[in-house]
Structures are given as C-alpha cells and as structure tokens.
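Chemist: The structure's right below; bear with me while I get my questions together.
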Protein chains: 2
Amino acid sequence: MSGTTSNEFDEATAVREIGPGRYTGTVVEGWDVRGNPHGGFLLALVTRAMAAAVDQADPLSVSATYLAPPDFGPAQVEVEVLRAGKRQSTISGRLVQDGTARVHAVATFGTLSAEPPQRLTADLAAPRPLPPPEACPSTDVIDREGLGPVDLHERLLVRFHPDTGWIHGTPSGNPEMNGWMRHAGREPDLLGVLMFSDGMPPSLYEARGRQGVHTPTVQLTTHLFAHPAPGWVQGSFRTRVLADGFLDQDGELWDSAGTLVATTRQLGLVRTWT
Amino acid sequence: MSGTTSNEFDEATAVREIGPGRYTGTVVEGWDVRGNPHGGFLLALVTRAMAAAVDQADPLSVSATYLAPPDFGPAQVEVEVLRAGKRQSTISGRLVQDGTARVHAVATFGTLSAEPPQRLTADLAAPRPLPPPEACPSTDVIDREGLGPVDLHERLLVRFHPDTGWIHGTPSGNPEMNGWMRHAGREPDLLGVLMFSDGMPPSLYEARGRQGVHTPTVQLTTHLFAHPAPGWVQGSFRTRVLADGFLDQDGELWDSAGTLVATTRQLGLVRTWT
C-alpha cells in the first residue's frame, strides 16, 4: 500500500508490532492544524496498523469515529479482526494514549484490480470542472486573519479552485470546496487518498467565511474504488446541513486521470477556536 | 426513540438485557428479502441494544459492517461503550449467532433538538421532486420475473416515483431510485429512518434491470439530523460506480415536511441470486 519512495508521510504513519494485535506509532508534530492532529493523518496511521493484521492489501472502506483529541507523542493501536475472509477481511482498530481511546476505526480490506471502476453514468462520477493545479492558488494565499500558517500545509499540499473566495476573505456563500491535493514529494496511494478524504479546509468556510470556526470530525467514512494514478488528487466537498452544532460534509476524490477513486462523508462539530 | 404505539417493528427489534453489555433479540422471519434478513432491520435491532447502554436517546451517526448473513432465530448483541460523554457517547455493538459475529456497528448518540436543521443552501438539501404517495405505485406492481412477492413489503411499505421503469421491466438506464417509505401502522422515528436508509430496492435496478442480481450490503453509514415528522419518509438513492464487484449507493431521506432527516451511503456487493 505504501508508495515507491519512503518519505515523511510514510515515516510519520509507520507502526511497529509490539504484541498480538498491538502496534505502536507516533502522533507526530507537523501533521496538525494549530496543535490539533489532523483527522486524515490519524486515519492513515490507524489504517496502517489494521493493514498489517489482515491478508488483503487494499482498504475498501474505512469508517472512523474521533473519540477524543490525541496528544503528540507515542500511541498504541489495538486491532481486532472481526472477520477474516478469503476475499475480504474486516478489522477494527483503536488508537489509544494513556489508556484512553482517541480514534476508533473499522475497515474492510480486499483487493482492488488495476482496472479503473466502471462509471454507471458519466455525469454522476465525472470530476467537477477544475483548472490544472498550476492555475490554482495554494494555501499561501489564505487570509489568516492574524493566525499564522498551518504546519500541515508544508506536507499536505493544497491548491484551491481559482473561484474560491474565503481564502481572500470573500466567501461565495456556496458551501463547496474544490481543489487539488498531494503529499510533498510523494505520489498518491490508497493511504494518501484516505488522508485526502479529510484533506481540505471545511466547505463551510466558503459558505460564511472562517469566522474563527473549526469543525472537528466526529465520524468519517471513506469508500475506496481504485488505486490513484500518479499526480495531484482532485477533491470536491460540500456541506448541506447544520443541525444542533453538527454539520455534514460530503466529498469525492478523483485521480489525475479523472477516475473516481473514493467517496467520503463526515459528520463534524462546529466549534470556535479557543 | 420508539414510536407511540408498539407495533410489529417495535416487537421485532426488541432486545432484552441478559448481562453487562449483553442483550438478546431475535432475527424474525418476515423482515427479510427472500430469506435474507434485511440490512436496515438488522441495523435497527443492533441500534436498539446500543441505545439501551448509553445515556443519550438519539442516534446521530450509525456505521455498520455486515460480516456474515444472519440466520433466523435468537441472536445476542454485545455492546461496548467506546466513550461515554455528557453530550455524546460512542458505542460499538455486534450481533452474534453461534459464536460468529454477523453485524458490527459503531454509533454515536446525542440529543437532537425539536428544531429542524438549518439548510446551508436550499438546493443542496431540498427534497427531489416526487408526487404524493397516493400517486406513486406500490411494490405490488413489480414485475417479479417469476419470483414471488417479498414478505418484507407487508411491513416496510414502499411507493415508487411514477417514472420508475424497472418495476415494469423497463429500466430507464439512470441509476436512481426515488420513492416513499413507511412502516405499516407506525409513524416514523429515528429507528425507522435507520431502517429506511437501506429501505428501497437497489438503485442499480433502474440502471440495467434486476437481471437476477442482488446487492448485499458490506458497509452502511447513516447520519441523522432531525426527528422525522409523522407520515411517509421520502428517499432518493443513486449508484455512481461499479468496481471489482462492488457498488456504492448514496441516499438522502426527507420527512413529510421536507426536512432532510438523514443521509446514508453504502458499499455493496453485486451478486446473482442462487
């Protein structure tokens, strides 16, 4: 599942088996947004431990619940095989620090063929119109309202659709976020796609500006359909409802060849930065 | 969470505590499709056991993996509280028969207010155009290609959009399924909505006809945003990709007042009836 060249992402998500169903890894600084370890990074870390414990190489579906904010530093991932099958296996994993479960995930692994998935209808699975990455502004242009840059963006590179308004302080009112993502110095793979499934700033920002708000993920489910081609991965995310302090966010990820490689959906909290 | 009047659905999903974190229930005949216990019914059954073990009444997010087909008869549901909080609690549950886990679920419970959720944009959360239930054909009209009626449809009532083609053997080619659902003799509640989130025949049928195919669910995640108003619940489901024998299906559920009460997504297998 890992890329051809080990790099910072591979090192940061590395795990080591320390006993039956028990792995150790590290919640590394630099993969965070203002001190909050990134949800997509944590998903990749837990998925690596789960992958080590099943026969099949490819995550087909990963569903995670974020129970408590992790701290930087060592973490254990405890896995339990729920069903080991010939074609698919399902496993749960929990990231634990100081005896407290921080992230819980359930994943089904199988084998994705080299064939791109069949689109049942072209329009439902086709990528949204988006200029090439070199024509899209990077995270450097974000109007940070006095807050500093986000360390994560040195590792997770993001390019925004040129019409994106909130990055200049002028949100369009339309709760959609479109752009490109890749890891610095690394081609995408399924583990990268998992991280990208929570890889862009919240689509809520384009609806109403940032307003000092962040949206910690409660639940995130990503289904993966194909190995991504090399290059940037395109993401499109939208929020439909705000209910009782929660919001939804729905997204699709296409590779550089226009193949729908994953869909993702999350339930998040709406919180003010403290 | 249950309706005001106990009825067949409430009886069929009833669970009884038999020890710490252990419940017993029954996979009842009649809630199946040709001998296969219905995924939405199983989801409701497991969720009732999980609900009994947490302080909060309302499921906000339920994510299930279907590990092995259950048999009719007694089942145990083993629950584990992953995090008990004041506002939200997360719990896992697994339905076990003969020592084998058949369904595994993780749910986050909280409290939904009486206020309907705010739509960030009207078009993204508005119900699809659909004539009233009395103008929509029921499951009785389905061209069954020699197979008998489905017992489930005496309990889970479904009305199809009048343009639905596959029910007459003439699928439109568009992989969408739109219609109304309700339980016989029972107003909807969150548990009903969970069942409805897998409540309509696969949208794949409208793309290419039934062709002797069924689509057992592998993974299903439903997010719930509001208590449904009395009356029929509207569902809209679509399939975008077929990949390596898997398909996705994405859906929204609105109550009779037009409130988006839930979104749902599943990964399913494409199988031929044997």
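Letters for chains follow the order of the structure tokens (A, B, ...), residue numbers begin at 1 for each chain, and ligand numbers begin at 1 in the order shown.
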Determine, counting only C-alpha atoms, which protein, DNA and RNA residues have an atom within 8 Å of an atom of Pro175 (chain A); residues of the same chain fewer than 3 positions away are not included. Present the result as a PyMOL selection string.

Modeler: (chain A and resi 203-208+238-240) or (chain B and resi 120-121)

Chemist: Set the distance at 9 Å and use only C-alpha atoms: which residues neighbour His168 (chain B) once local chain neighbours fewer than 6 positions away are removed? I'd like the list as a PyMOL selection string.

Modeler: chain B and resi 141-144

Chemist: Just write the chosen residues, N, CA and C atoms, as a CSV table (one decimal), in the first residue's frame.

Modeler:
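Everything below was put into selection.csv:
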```csv
chain,number,residue,atom,x,y,z
B,141,VAL,N,-46.8,-3.7,-7.9
B,141,VAL,CA,-46.8,-3.6,-9.4
B,141,VAL,C,-45.5,-4.2,-9.9
B,142,ILE,N,-44.5,-4.6,-9.0
B,142,ILE,CA,-43.2,-5.0,-9.5
B,142,ILE,C,-43.4,-6.3,-10.4
B,143,ASP,N,-42.8,-6.2,-11.5
B,143,ASP,CA,-42.7,-7.4,-12.4
B,143,ASP,C,-41.6,-8.3,-11.8
B,144,ARG,N,-42.1,-9.4,-11.2
B,144,ARG,CA,-41.2,-10.2,-10.4
B,144,ARG,C,-40.4,-11.3,-11.2
```

Chemist: Could you list the residues in chain B lying within 8 Å of chain A, using only C-alpha atoms, and format the result as a PyMOL selection string?

Modeler: chain B and resi 61+63+67+82-83+90+101+112-113+116-121+124-125+174-175+207+219+221+223+225-226+239-244+267

Chemist: Could the residues in this selection be written to a file with N, CA and C atoms, as a tab-separated table (two decimals), in the first residue's frame?

Modeler:
```
chain	number	residue	atom	x	y	z
B	61	SER	N	-25.22	9.12	14.39
B	61	SER	CA	-24.41	8.51	13.33
B	61	SER	C	-24.32	7.03	13.64
B	63	SER	N	-22.79	3.45	11.88
B	63	SER	CA	-21.97	2.89	10.82
B	63	SER	C	-21.89	1.39	11.03
B	67	LEU	N	-20.95	-8.61	8.28
B	67	LEU	CA	-19.83	-9.54	8.25
B	67	LEU	C	-20.20	-10.90	7.67
B	82	LEU	N	-17.42	2.93	23.88
B	82	LEU	CA	-16.08	3.37	23.49
B	82	LEU	C	-15.74	4.69	24.16
B	83	ARG	N	-16.75	5.52	24.33
B	83	ARG	CA	-16.57	6.79	25.04
B	83	ARG	C	-17.93	7.27	25.53
B	90	THR	N	-20.20	7.26	22.31
B	90	THR	CA	-19.97	6.37	21.17
B	90	THR	C	-19.87	4.94	21.68
B	101	ALA	N	-19.74	-13.35	14.73
B	101	ALA	CA	-20.27	-12.00	14.56
B	101	ALA	C	-20.85	-11.86	13.16
B	112	LEU	N	-30.98	15.25	19.61
B	112	LEU	CA	-31.43	16.14	18.53
B	112	LEU	C	-32.53	17.04	19.07
B	113	SER	N	-32.41	18.31	18.76
B	113	SER	CA	-33.43	19.24	19.24
B	113	SER	C	-34.70	19.10	18.42
B	116	PRO	N	-35.91	21.91	13.30
B	116	PRO	CA	-35.36	21.28	12.10
B	116	PRO	C	-33.99	21.86	11.79
B	117	PRO	N	-33.11	21.06	11.19
B	117	PRO	CA	-31.76	21.57	10.90
B	117	PRO	C	-31.79	22.68	9.87
B	118	GLN	N	-30.79	23.54	9.98
B	118	GLN	CA	-30.65	24.67	9.06
B	118	GLN	C	-30.09	24.14	7.74
B	119	ARG	N	-30.72	24.54	6.65
B	119	ARG	CA	-30.15	24.21	5.35
B	119	ARG	C	-29.17	25.29	4.96
B	120	LEU	N	-27.95	24.90	4.69
B	120	LEU	CA	-26.96	25.91	4.30
B	120	LEU	C	-27.31	26.49	2.94
B	121	THR	N	-27.74	25.65	2.03
B	121	THR	CA	-28.26	26.14	0.75
B	121	THR	C	-29.50	25.32	0.45
B	124	LEU	N	-29.15	22.24	-2.13
B	124	LEU	CA	-28.39	21.05	-1.76
B	124	LEU	C	-29.16	20.13	-0.81
B	125	ALA	N	-30.07	20.70	-0.03
B	125	ALA	CA	-30.76	19.89	0.99
B	125	ALA	C	-32.24	19.71	0.69
B	174	ASN	N	-30.97	5.18	-15.83
B	174	ASN	CA	-30.45	6.14	-14.87
B	174	ASN	C	-30.44	5.49	-13.48
B	175	PRO	N	-29.27	5.29	-12.87
B	175	PRO	CA	-29.21	4.52	-11.62
B	175	PRO	C	-29.69	5.30	-10.40
B	207	ALA	N	-30.84	1.22	-13.41
B	207	ALA	CA	-29.82	1.40	-14.45
B	207	ALA	C	-29.90	0.31	-15.50
B	219	GLN	N	-20.96	-2.28	3.86
B	219	GLN	CA	-20.78	-1.20	4.84
B	219	GLN	C	-21.87	-0.17	4.60
B	221	THR	N	-23.30	3.60	6.33
B	221	THR	CA	-23.20	4.66	7.34
B	221	THR	C	-24.36	5.63	7.14
B	223	HIS	N	-26.10	9.17	8.79
B	223	HIS	CA	-26.07	10.30	9.72
B	223	HIS	C	-27.48	10.84	9.85
B	225	PHE	N	-30.12	13.80	11.28
B	225	PHE	CA	-30.10	15.24	11.58
B	225	PHE	C	-31.33	15.74	12.32
B	226	ALA	N	-32.45	15.04	12.22
B	226	ALA	CA	-33.69	15.54	12.83
B	226	ALA	C	-34.66	14.39	13.05
B	239	THR	N	-26.51	5.21	-7.52
B	239	THR	CA	-25.26	4.46	-7.60
B	239	THR	C	-24.38	5.10	-8.66
B	240	ARG	N	-23.14	5.33	-8.29
B	240	ARG	CA	-22.22	6.01	-9.21
B	240	ARG	C	-21.21	5.09	-9.85
B	241	VAL	N	-20.70	4.15	-9.06
B	241	VAL	CA	-19.63	3.30	-9.60
B	241	VAL	C	-19.84	1.83	-9.31
B	242	LEU	N	-19.35	1.03	-10.22
B	242	LEU	CA	-19.19	-0.40	-10.03
B	242	LEU	C	-17.70	-0.65	-10.12
B	243	ALA	N	-17.13	-1.27	-9.10
B	243	ALA	CA	-15.69	-1.50	-9.10
B	243	ALA	C	-15.41	-2.85	-8.47
B	244	ASP	N	-14.83	-3.76	-9.25
B	244	ASP	CA	-14.39	-5.05	-8.72
B	244	ASP	C	-15.50	-5.78	-7.97
B	267	LEU	N	-21.59	0.66	0.72
B	267	LEU	CA	-20.80	-0.10	-0.22
B	267	LEU	C	-21.44	-1.48	-0.24
```

Chemist: Identify all residues of region 91-227 of chain A in helix (DSSP H, G or I) (DSSP on the backbone) and supply them as a ChimeraX atom specification.

Modeler: /A:122-125,133-135,139-141,151-154,166-168,190-196,204-208

Chemist: Save out the residues we just selected, C-alpha atoms, as a compact mmCIF listing (two decimals), in the first residue's frame.

Modeler:
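New file selection10.txt:
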```txt
# COMPACT_ATOMS: atom_id res chain seq x y z
CA ALA A 122 -20.75 9.61 -16.79
CA ASP A 123 -22.28 12.66 -15.13
CA LEU A 124 -22.63 11.15 -11.66
CA ALA A 125 -19.00 10.06 -11.42
CA PRO A 133 -3.03 22.66 -10.30
CA GLU A 134 -0.58 25.25 -11.67
CA ALA A 135 -3.53 27.59 -12.30
CA THR A 139 -2.60 27.68 0.80
CA ASP A 140 -0.01 30.50 0.86
CA VAL A 141 -2.66 32.98 -0.27
CA ASP A 151 2.39 23.46 9.52
CA LEU A 152 0.41 20.70 7.88
CA HIS A 153 0.40 22.56 4.58
CA GLU A 154 4.13 22.01 4.16
CA TRP A 166 -12.90 32.56 1.58
CA ILE A 167 -9.12 32.33 1.10
CA HIS A 168 -9.25 36.05 0.24
CA LEU A 190 -4.75 4.47 -1.07
CA LEU A 191 -3.30 5.59 2.26
CA GLY A 192 -2.77 9.06 0.81
CA VAL A 193 -6.33 9.09 -0.54
CA LEU A 194 -7.57 8.27 2.97
CA MET A 195 -5.75 11.30 4.31
CA PHE A 196 -7.03 13.48 1.43
CA LEU A 204 -18.43 25.62 5.49
CA TYR A 205 -15.74 28.32 5.14
CA GLU A 206 -16.86 29.04 1.58
CA ALA A 207 -20.45 29.45 2.81
CA ARG A 208 -19.85 32.01 5.51
```

Chemist: From a DSSP calculation on the backbone, collect every residue of region 151-266 of chain A in strand (DSSP E or B) and output the set as a ChimeraX atom specification.

Modeler: /A:156-160,176-183,186,213-214,217-224,233-238,241-243,246-254,260-266
